[in-house]
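Trainee: My structure is in entry_14.tsv, and what it holds is TSV, C-alpha atoms:
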chain	number	residue	atom	x	y	z
A	1	MET	CA	59.47	60.95	-25.08
A	2	ARG	CA	55.74	61.57	-25.01
A	3	GLN	CA	54.33	61.82	-28.53
A	4	ILE	CA	53.51	65.36	-29.59
A	5	VAL	CA	49.73	65.51	-29.87
A	6	LEU	CA	48.54	69.05	-29.24
A	7	SER	CA	45.03	70.48	-29.05
A	8	LEU	CA	43.76	73.21	-31.36
A	9	ASN	CA	44.09	75.66	-28.47
A	10	SER	CA	47.78	74.80	-28.22
A	11	LEU	CA	48.31	75.24	-31.96
A	12	VAL	CA	46.66	78.66	-31.86
A	13	LEU	CA	48.89	79.62	-28.92
A	14	LEU	CA	51.99	78.56	-30.87
A	15	CYS	CA	50.87	80.71	-33.80
A	16	LEU	CA	50.07	83.83	-31.84
A	17	TYR	CA	52.50	83.93	-28.94
A	18	GLY	CA	56.26	84.16	-28.63
A	19	ASP	CA	58.90	83.10	-31.13
A	20	PHE	CA	57.87	79.53	-31.94
A	21	VAL	CA	57.94	80.50	-35.62
A	22	GLU	CA	59.60	83.56	-37.13
A	23	SER	CA	57.48	86.14	-38.93
A	24	ASP	CA	57.49	89.80	-39.97
A	25	VAL	CA	54.32	90.17	-37.90
A	26	LEU	CA	55.10	90.61	-34.22
A	27	PRO	CA	53.77	87.88	-31.89
A	28	LEU	CA	51.65	88.64	-28.85
A	29	THR	CA	53.50	89.33	-25.62
A	30	ASN	CA	52.65	87.47	-22.41
A	31	SER	CA	50.54	90.40	-21.27
A	32	GLN	CA	48.71	90.65	-24.60
A	33	TRP	CA	48.04	86.91	-24.61
A	34	ASN	CA	46.57	87.06	-21.09
A	35	GLN	CA	44.30	89.93	-22.10
A	36	LEU	CA	43.15	88.09	-25.22
A	37	GLU	CA	42.45	84.90	-23.27
A	38	PHE	CA	40.42	86.87	-20.73
A	39	LYS	CA	38.33	88.43	-23.50
A	40	LEU	CA	37.83	85.05	-25.18
A	41	ALA	CA	36.57	83.52	-21.92
A	42	HIS	CA	33.94	86.26	-21.66
A	43	SER	CA	32.79	85.95	-25.27
A	44	THR	CA	30.86	83.32	-27.19
A	45	LEU	CA	34.16	82.12	-28.68
A	46	LYS	CA	35.27	80.88	-25.22
A	47	GLN	CA	38.61	79.36	-26.30
A	48	PRO	CA	41.56	80.28	-28.55
A	49	SER	CA	40.42	77.67	-31.09
A	50	GLY	CA	37.33	79.83	-31.61
A	51	LEU	CA	39.52	82.33	-33.44
A	52	LEU	CA	40.09	79.90	-36.32
A	53	ASP	CA	36.66	80.41	-37.93
A	54	CYS	CA	35.98	83.90	-36.64
A	55	SER	CA	35.45	86.79	-39.07
A	56	ASP	CA	37.24	90.11	-38.70
A	57	GLU	CA	34.03	91.90	-37.78
A	58	GLU	CA	33.02	89.29	-35.22
A	59	MET	CA	36.49	89.43	-33.67
A	60	MET	CA	36.33	93.21	-33.34
A	61	ILE	CA	32.86	93.15	-31.79
A	62	GLN	CA	33.17	90.16	-29.47
A	63	LEU	CA	36.71	90.82	-28.28
A	64	VAL	CA	36.72	94.62	-28.50
A	65	LEU	CA	39.79	94.67	-30.72
A	66	SER	CA	41.08	97.32	-33.11
A	67	GLU	CA	41.55	96.68	-36.82
A	68	ASP	CA	45.32	96.53	-36.29
A	69	GLU	CA	44.94	93.95	-33.51
A	70	VAL	CA	42.64	91.80	-35.65
A	71	HIS	CA	45.08	92.07	-38.56
A	72	GLN	CA	47.94	90.95	-36.28
A	73	ILE	CA	45.98	87.93	-35.03
A	74	LYS	CA	44.85	86.92	-38.53
A	75	LYS	CA	48.37	87.15	-39.95
A	76	ARG	CA	49.79	85.13	-37.07
A	77	LEU	CA	47.10	82.46	-37.48
A	78	SER	CA	48.15	82.11	-41.12
A	79	LEU	CA	51.41	80.63	-39.80
A	80	MET	CA	49.66	77.39	-38.80
A	81	GLN	CA	51.33	75.30	-41.52
A	82	ARG	CA	54.76	76.51	-40.42
A	83	VAL	CA	53.90	75.66	-36.82
A	84	LEU	CA	53.06	72.08	-37.80
A	85	VAL	CA	56.29	71.75	-39.78
A	86	GLN	CA	58.29	73.07	-36.82
A	87	LEU	CA	56.61	70.60	-34.45
A	88	ALA	CA	57.49	67.73	-36.79
A	89	CYS	CA	61.08	68.97	-36.95
A	90	TYR	CA	61.36	69.06	-33.16
A	91	GLU	CA	59.84	65.58	-32.87
A	92	ARG	CA	62.44	64.18	-35.26
A	93	ARG	CA	65.13	65.72	-33.05
A	94	GLY	CA	63.64	64.08	-29.95
A	95	ILE	CA	62.35	67.39	-28.57
A	96	GLY	CA	58.80	67.64	-27.32
A	97	VAL	CA	56.51	70.64	-26.85
A	98	VAL	CA	53.76	71.10	-24.28
A	99	THR	CA	51.58	74.16	-23.66
A	100	LYS	CA	49.37	75.34	-20.82
A	101	PHE	CA	46.36	73.77	-22.58
A	102	GLU	CA	47.57	70.18	-22.26
A	103	GLU	CA	46.54	67.87	-19.41
A	104	ASP	CA	50.12	67.01	-18.51
A	105	TYR	CA	51.20	70.64	-18.20
A	106	PRO	CA	52.40	71.12	-14.57
A	107	ASP	CA	49.40	72.53	-12.67
A	108	VAL	CA	51.72	73.79	-9.94
A	109	PHE	CA	52.88	76.53	-12.31
A	110	TYR	CA	49.44	78.14	-12.32
A	111	GLN	CA	48.90	77.50	-8.63
A	112	ARG	CA	52.08	79.37	-7.72
A	113	LEU	CA	52.95	81.69	-10.62
A	114	LYS	CA	49.45	82.40	-11.94
A	115	LYS	CA	49.62	84.81	-14.92
A	116	ASN	CA	53.43	84.56	-14.98
A	117	ALA	CA	53.45	80.80	-15.62
A	118	PRO	CA	55.29	79.77	-18.81
A	119	LEU	CA	52.85	79.24	-21.68
A	120	ILE	CA	55.11	76.89	-23.67
A	121	LEU	CA	57.65	74.29	-22.54
A	122	TYR	CA	60.25	72.44	-24.62
A	123	TYR	CA	61.75	69.22	-23.33
A	124	CYS	CA	63.62	66.01	-24.03
A	125	GLY	CA	63.81	62.94	-21.85
A	126	ASN	CA	61.51	61.47	-19.23
A	127	TYR	CA	58.67	63.97	-18.95
A	128	GLN	CA	57.00	61.87	-16.24
A	129	LEU	CA	59.69	62.98	-13.78
A	130	LEU	CA	57.66	66.17	-13.34
A	131	ASN	CA	54.94	64.12	-11.64
A	132	GLN	CA	57.15	63.34	-8.63
A	133	GLU	CA	58.64	65.52	-5.91
A	134	ALA	CA	61.92	67.26	-6.63
A	135	VAL	CA	64.41	69.23	-4.55
A	136	SER	CA	66.72	71.85	-6.02
A	137	ILE	CA	70.18	73.03	-5.02
A	138	ALA	CA	71.55	76.52	-5.67
A	139	GLY	CA	75.10	77.71	-5.19
A	140	PRO	CA	77.82	79.89	-6.70
A	141	VAL	CA	79.54	79.14	-10.00
A	142	HIS	CA	82.94	79.62	-8.34
A	143	SER	CA	82.49	77.20	-5.46
A	144	THR	CA	85.04	76.28	-2.81
A	145	LYS	CA	86.06	72.79	-1.77
A	146	GLN	CA	83.88	73.04	1.34
A	147	MET	CA	80.86	74.15	-0.71
A	148	ASN	CA	81.34	71.16	-3.02
A	149	ILE	CA	81.55	68.79	-0.03
A	150	ASN	CA	78.37	70.30	1.43
A	151	THR	CA	76.65	69.97	-1.94
A	152	ARG	CA	77.43	66.25	-2.15
A	153	HIS	CA	76.14	65.67	1.37
A	154	VAL	CA	72.88	67.45	0.55
A	155	VAL	CA	72.50	65.38	-2.63
A	156	ASP	CA	73.11	62.22	-0.59
A	157	LYS	CA	70.11	63.23	1.53
A	158	VAL	CA	68.00	64.04	-1.55
A	159	PHE	CA	68.79	60.67	-3.12
A	160	GLN	CA	68.32	58.63	0.07
A	161	GLU	CA	64.86	60.09	0.58
A	162	GLY	CA	63.77	59.36	-2.98
A	163	TYR	CA	63.51	62.90	-4.33
A	164	HIS	CA	64.52	63.88	-7.84
A	165	LEU	CA	67.12	66.62	-8.12
A	166	MET	CA	66.15	69.74	-10.07
A	167	THR	CA	68.93	72.02	-11.24
A	168	SER	CA	69.93	74.66	-13.76
A	169	ALA	CA	73.30	72.83	-14.11
A	170	HIS	CA	75.42	75.95	-13.81
A	171	GLN	CA	79.08	75.26	-13.10
A	172	GLY	CA	80.09	75.00	-9.45
A	173	CYS	CA	77.68	73.68	-6.82
A	174	GLU	CA	74.86	72.89	-9.25
A	175	MET	CA	76.94	70.85	-11.67
A	176	ILE	CA	78.64	69.08	-8.74
A	177	GLY	CA	75.17	68.17	-7.45
A	178	LEU	CA	73.92	66.99	-10.84
A	179	VAL	CA	76.91	64.71	-11.43
A	180	HIS	CA	76.72	63.29	-7.90
A	181	GLN	CA	72.98	62.55	-8.19
A	182	LEU	CA	73.53	60.68	-11.46
A	183	ARG	CA	76.46	58.74	-10.00
A	184	LEU	CA	74.27	57.65	-7.12
A	185	GLY	CA	71.71	56.34	-9.63
A	186	GLY	CA	69.15	59.08	-9.04
A	187	HIS	CA	67.00	61.10	-11.42
A	188	VAL	CA	67.64	64.68	-12.54
A	189	ILE	CA	65.43	67.42	-13.98
A	190	LEU	CA	67.59	70.01	-15.70
A	191	PHE	CA	65.66	73.24	-16.25
A	192	ALA	CA	67.58	75.16	-18.89
A	193	ALA	CA	67.31	78.83	-19.83
A	194	ASN	CA	69.27	78.31	-23.05
A	195	ASP	CA	70.86	75.69	-25.32
A	196	LEU	CA	68.41	72.87	-24.62
A	197	ALA	CA	69.56	71.13	-27.83
A	198	ARG	CA	73.21	71.20	-26.72
A	199	LYS	CA	72.32	69.89	-23.26
A	200	GLN	CA	70.28	67.13	-24.91
A	201	TYR	CA	73.43	65.95	-26.69
A	202	GLU	CA	75.60	66.38	-23.58
A	203	PHE	CA	73.34	64.18	-21.41
A	204	LEU	CA	72.06	61.85	-24.14
A	205	LYS	CA	72.98	58.67	-22.24
A	206	PHE	CA	70.91	59.62	-19.19
A	207	ILE	CA	68.03	60.90	-21.33
A	208	HIS	CA	67.86	57.59	-23.19
A	209	ASN	CA	67.83	55.52	-20.01
A	210	GLN	CA	64.92	57.63	-18.65
A	211	ARG	CA	66.89	59.04	-15.70
A	212	MET	CA	66.87	62.61	-16.88
A	213	LEU	CA	64.57	65.33	-18.20
A	214	VAL	CA	65.89	68.50	-19.82
A	215	ILE	CA	63.22	71.17	-20.01
A	216	SER	CA	63.10	74.84	-20.94
A	217	HIS	CA	60.69	77.73	-21.46
A	218	ARG	CA	62.81	78.86	-24.43
A	219	LYS	CA	63.43	77.45	-27.91
A	220	PRO	CA	66.02	74.64	-28.08
A	221	ASP	CA	68.72	76.74	-29.75
A	222	SER	CA	68.27	79.90	-27.66
A	223	GLU	CA	71.43	81.65	-26.47
A	224	TYR	CA	72.24	82.71	-22.91
A	225	ASP	CA	70.31	85.65	-21.49
A	226	VAL	CA	70.75	86.75	-17.87
A	227	VAL	CA	67.13	87.88	-17.48
A	228	GLU	CA	65.81	84.58	-18.83
A	229	SER	CA	68.10	82.76	-16.40
A	230	VAL	CA	66.42	84.50	-13.48
A	231	VAL	CA	62.99	83.76	-14.95
A	232	ARG	CA	64.07	80.10	-15.20
A	233	ASN	CA	65.09	80.17	-11.53
A	234	SER	CA	61.57	81.27	-10.59
A	235	TYR	CA	60.20	78.26	-12.49
A	236	ILE	CA	62.53	75.94	-10.58
A	237	TYR	CA	61.36	77.39	-7.25
A	238	ALA	CA	57.74	76.97	-8.34
A	239	LEU	CA	58.17	73.32	-9.34
A	240	CYS	CA	60.21	72.11	-6.37
A	241	THR	CA	59.11	70.78	-3.00
A	242	THR	CA	61.94	72.71	-1.39
A	243	ASN	CA	65.29	74.27	-2.23
A	244	PHE	CA	68.72	74.15	-0.61
A	245	VAL	CA	70.91	77.25	-0.96
A	246	ILE	CA	74.47	76.07	-0.36
A	247	HIS	CA	75.99	79.55	-0.38
A	248	SER	CA	75.01	83.03	-1.58
A	249	GLU	CA	76.69	86.40	-1.79
A	250	LEU	CA	74.80	89.31	-0.23
A	251	ASN	CA	73.00	91.48	-2.83
A	252	THR	CA	74.98	89.92	-5.67
A	253	GLY	CA	73.92	88.16	-8.86
A	254	ALA	CA	71.01	86.11	-10.15
A	255	LEU	CA	71.17	83.53	-7.34
A	256	TRP	CA	70.55	86.16	-4.65
A	257	PHE	CA	67.88	87.95	-6.68
A	258	SER	CA	66.04	84.68	-7.40
A	259	ALA	CA	66.22	83.55	-3.78
A	260	MET	CA	64.75	86.84	-2.57
A	261	GLN	CA	61.99	86.57	-5.17
A	262	ASN	CA	61.10	83.13	-3.84
A	263	LEU	CA	61.01	84.40	-0.27
A	264	LYS	CA	58.82	87.31	-1.32
A	265	HIS	CA	56.29	85.26	-3.30
A	266	ARG	CA	56.57	82.03	-1.23
A	267	TRP	CA	56.61	79.73	-4.24
A	268	SER	CA	58.32	77.04	-2.15
A	269	LYS	CA	60.22	76.73	1.11
A	270	MET	CA	63.91	77.50	1.14
A	271	LEU	CA	66.56	75.78	3.28
A	272	ALA	CA	69.76	77.82	3.70
A	273	ILE	CA	73.01	76.22	4.87
A	274	VAL	CA	74.30	78.40	7.73
A	275	ASP	CA	77.56	76.72	8.75
A	276	ASP	CA	80.86	78.60	8.93
A	277	ASP	CA	80.99	82.14	7.57
A	278	PHE	CA	78.20	81.88	4.99
A	279	TYR	CA	77.07	85.46	5.65
A	280	GLY	CA	74.86	85.73	2.60
A	281	ASN	CA	72.79	82.75	3.73
A	282	ALA	CA	72.43	84.30	7.18
A	283	LYS	CA	70.78	87.26	5.49
A	284	LEU	CA	68.48	84.90	3.58
A	285	VAL	CA	67.44	83.46	6.94
A	286	GLU	CA	66.65	86.98	8.17
A	287	ALA	CA	64.45	87.34	5.08
A	288	GLY	CA	62.55	84.12	5.77
A	289	ALA	CA	64.67	81.14	4.69
A	290	ILE	CA	64.82	78.15	7.05
A	291	PRO	CA	68.31	77.75	8.58
A	292	VAL	CA	69.90	74.31	8.27
A	293	THR	CA	73.29	73.22	9.56
A	294	MET	CA	75.40	70.55	7.91
A	295	GLU	CA	75.16	68.64	11.18
A	296	LYS	CA	71.42	68.40	10.60
A	297	VAL	CA	71.92	67.39	6.96
A	298	LEU	CA	74.21	64.57	8.08
A	299	SER	CA	71.81	63.47	10.83
A	300	GLU	CA	68.72	61.26	10.72
A	301	CYS	CA	66.58	64.39	10.29
A	302	THR	CA	64.56	64.21	7.06
A	303	ILE	CA	64.11	67.01	4.56
A	304	GLU	CA	60.42	67.15	5.46
A	305	GLU	CA	61.33	67.56	9.13
A	306	MET	CA	63.74	70.36	8.21
A	307	MET	CA	60.85	72.16	6.51
A	308	GLU	CA	58.53	71.82	9.51
A	309	ILE	CA	58.75	75.27	10.99
A	310	SER	CA	55.88	77.48	12.10
A	311	LYS	CA	54.65	80.21	9.79
A	312	GLN	CA	55.44	82.72	12.52
A	313	ASP	CA	59.10	81.70	12.29
A	314	ILE	CA	59.21	82.27	8.54
A	315	GLY	CA	58.43	85.98	8.55
A	316	ILE	CA	59.19	87.79	5.33
A	317	HIS	CA	61.40	90.72	6.23
A	318	GLN	CA	62.76	91.89	2.92
A	319	ASP	CA	61.73	95.18	1.36
A	320	SER	CA	58.22	94.74	-0.05
A	321	GLU	CA	59.09	97.25	-2.78
A	322	GLN	CA	61.69	94.92	-4.29
A	323	ILE	CA	60.98	94.65	-8.00
A	324	SER	CA	59.61	91.37	-9.33
A	325	ILE	CA	61.55	89.67	-12.12
A	326	PHE	CA	58.35	89.69	-14.18
A	327	ASP	CA	57.97	93.45	-13.63
A	328	PHE	CA	61.62	93.74	-14.64
A	329	ILE	CA	60.94	92.04	-17.97
A	330	GLU	CA	57.99	94.30	-18.77
A	331	ASP	CA	59.89	97.51	-17.90
A	332	GLU	CA	61.58	98.56	-21.14
A	333	ASN	CA	63.63	101.22	-19.31
A	334	LEU	CA	65.64	98.64	-17.37
A	335	GLU	CA	68.83	97.14	-18.76
A	336	ALA	CA	69.79	93.48	-18.34
A	337	GLU	CA	73.09	94.45	-16.70
A	338	GLU	CA	71.15	95.86	-13.73
A	339	ILE	CA	70.07	92.40	-12.63
A	340	GLU	CA	73.66	91.25	-12.27
A	341	GLN	CA	74.25	94.02	-9.74
A	342	ILE	CA	71.20	93.27	-7.57
Turn this file's structure into structure tokens for me.
Mentor:
Amino acid sequence: MRQIVLSLNSLVLLCLYGDFVESDVLPLTNSQWNQLEFKLAHSTLKQPSGLLDCSDEEMMIQLVLSEDEVHQIKKRLSLMQRVLVQLACYERRGIGVVTKFEEDYPDVFYQRLKKNAPLILYYCGNYQLLNQEAVSIAGPVHSTKQMNINTRHVVDKVFQEGYHLMTSAHQGCEMIGLVHQLRLGGHVILFAANDLARKQYEFLKFIHNQRMLVISHRKPDSEYDVVESVVRNSYIYALCTTNFVIHSELNTGALWFSAMQNLKHRWSKMLAIVDDDFYGNAKLVEAGAIPVTMEKVLSECTIEEMMEISKQDIGIHQDSEQISIFDFIEDENLEAEEIEQI
């Protein structure tokens, strides 16, 4: 694991944003952090670290903040000692932390997700795996025998061409793919939306031999949350070279919602298996996914060749009014159950 050595900007971020440390004073939201960072860039303070020796009056004048906002920032900055203790605790557990201010933070996040990129990442294992190309596989939790066979064939192709496999490791197709990639001797990046610490223990052997990275945008002991799972899916799409959808159900569940989000925002190309009666995938193709048959997967055709299709052939046909997952999170009137019905 890379040693945790964070800049002052990172430490300020960990104090002010999210739930890195608990406090009676509310942390800044993603939107509030982005606004503050914009104001800092256009002030003489320039960077978050400039807040550390800034007076209340100077903060109000330079950043155009209210007294309540300044009080919130000052109280959160007073948590610095607790932040350092928490970092040391994570390091002892073999869990690293990286923020958007570090050089090895994945630049592709900001290139593709921009203001919606994760500000903080937790991880254990071989962090350098993020520097190489990865392909993801998505499929239903309740997979059929044929879906599992197709998944293994796709993973064979991924491994043979030297890609890492990125997965959320849900049961069904994704877990089948993860296990098969490891059996072949390949490398896996598991992007978790919850329970990073439990997954660290579950895959400890592969983490220790540098064949696996478990990474998350949420704290190591976070519990399952359906909205955060869809957010995690967007991060997987943003990080990957391309994505295979083994099977999807029309207008149903997080897999479909995430796939449509990727097609809308074009984070990365999507390859949809269209053999047999996979009707949901046919609809993904109508929305802009690249159709791929299992015959092609089993042929000499490379993944790169599968992705070579003209922009005119990848027209985005889905409803442009479809809500973004990030809009969903910021809309307090929406309930989490709604996403499971999309």
Trainee: Could you pull out every residue with an atom within 10 Å of (71.6, 58.8, -12.4), file coordinates, counting only C-alpha atoms, and send them as a ChimeraX atom specification?
Mentor: /A:159,164-165,178-188,205-207,209-212
Trainee: What gap, in Å, lies between CA of Thr293 in chain A and CA of Ile246 in chain A?
Mentor: 10.4 Å
Trainee: Given the choices A:Leu51, A:Ala197, A:Ala41, A:Val154, which gets closest to Leu11 in chain A if the distance is worked out from all atoms listed in the file?
Mentor: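 Smallest separation from Leu11 in chain A among the options: A:Leu51.
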Trainee: For CA of Tyr17 in chain A and CA of Asn30 in chain A, quote the distance in Å rounded to one decimal.
Mentor: 7.4 Å
Trainee: Show me, as an mmCIF file with C-alpha atoms, keeping the file's coordinate frame, the residues that have an atom within 12 Å of Glu295 in chain A when counting only C-alpha atoms, minus same-chain residues fewer than 2 positions from it.
Mentor:
data_model
loop_
_atom_site.group_PDB
_atom_site.id
_atom_site.type_symbol
_atom_site.label_atom_id
_atom_site.label_comp_id
_atom_site.auth_asym_id
_atom_site.auth_seq_id
_atom_site.Cartn_x
_atom_site.Cartn_y
_atom_site.Cartn_z
ATOM 1 C CA ASN A 150 78.370 70.300 1.430
ATOM 2 C CA HIS A 153 76.140 65.670 1.370
ATOM 3 C CA VAL A 154 72.880 67.450 0.550
ATOM 4 C CA ILE A 273 73.010 76.220 4.870
ATOM 5 C CA VAL A 274 74.300 78.400 7.730
ATOM 6 C CA ASP A 275 77.560 76.720 8.750
ATOM 7 C CA ASP A 276 80.860 78.600 8.930
ATOM 8 C CA PRO A 291 68.310 77.750 8.580
ATOM 9 C CA VAL A 292 69.900 74.310 8.270
ATOM 10 C CA THR A 293 73.290 73.220 9.560
ATOM 11 C CA VAL A 297 71.920 67.390 6.960
ATOM 12 C CA LEU A 298 74.210 64.570 8.080
ATOM 13 C CA SER A 299 71.810 63.470 10.830
ATOM 14 C CA GLU A 300 68.720 61.260 10.720
ATOM 15 C CA CYS A 301 66.580 64.390 10.290
ATOM 16 C CA MET A 306 63.740 70.360 8.210
#
Trainee: Rounded to one decimal, what separation in Å do you get between CA of Glu91 in chain A and CA of Gln200 in chain A?
Mentor: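 So the answer is 13.2 Å.
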Trainee: Give the answer as one residue: which of A:Ile120, A:Ile95, A:Leu129, A:Leu16 has the shortest atom-to-atom distance to Ser78 in chain A, using only C-alpha atoms?
Mentor: A:Leu16
Trainee: As a list in words, please: the residues near Glu223 in chain A (cut-off 12 Å, only C-alpha atoms, same-chain neighbours under 4 positions excluded).
Mentor: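 What passes the distance filter is Ala192, Ala193, Asn194, Asp195, Leu196, Ala197, Arg198, Arg218, Lys219, Val227, Glu228 and Ser229 of chain A.
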Trainee: Just write the chosen residues, C-alpha atoms, as an mmCIF file, in the coordinates of the input.
Mentor:
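The resulting file, part-v6.cif, is shown below:
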data_model
loop_
_atom_site.group_PDB
_atom_site.id
_atom_site.type_symbol
_atom_site.label_atom_id
_atom_site.label_comp_id
_atom_site.auth_asym_id
_atom_site.auth_seq_id
_atom_site.Cartn_x
_atom_site.Cartn_y
_atom_site.Cartn_z
ATOM 1 C CA ALA A 192 67.580 75.160 -18.890
ATOM 2 C CA ALA A 193 67.310 78.830 -19.830
ATOM 3 C CA ASN A 194 69.270 78.310 -23.050
ATOM 4 C CA ASP A 195 70.860 75.690 -25.320
ATOM 5 C CA LEU A 196 68.410 72.870 -24.620
ATOM 6 C CA ALA A 197 69.560 71.130 -27.830
ATOM 7 C CA ARG A 198 73.210 71.200 -26.720
ATOM 8 C CA ARG A 218 62.810 78.860 -24.430
ATOM 9 C CA LYS A 219 63.430 77.450 -27.910
ATOM 10 C CA VAL A 227 67.130 87.880 -17.480
ATOM 11 C CA GLU A 228 65.810 84.580 -18.830
ATOM 12 C CA SER A 229 68.100 82.760 -16.400
#
Trainee: Show which residues sit within 7 Å of Tyr123 in chain A, as a PyMOL selection string. Count all atoms listed in the file, and ignore same-chain residues fewer than 6 positions away.
Mentor: chain A and resi 95-97+214-216
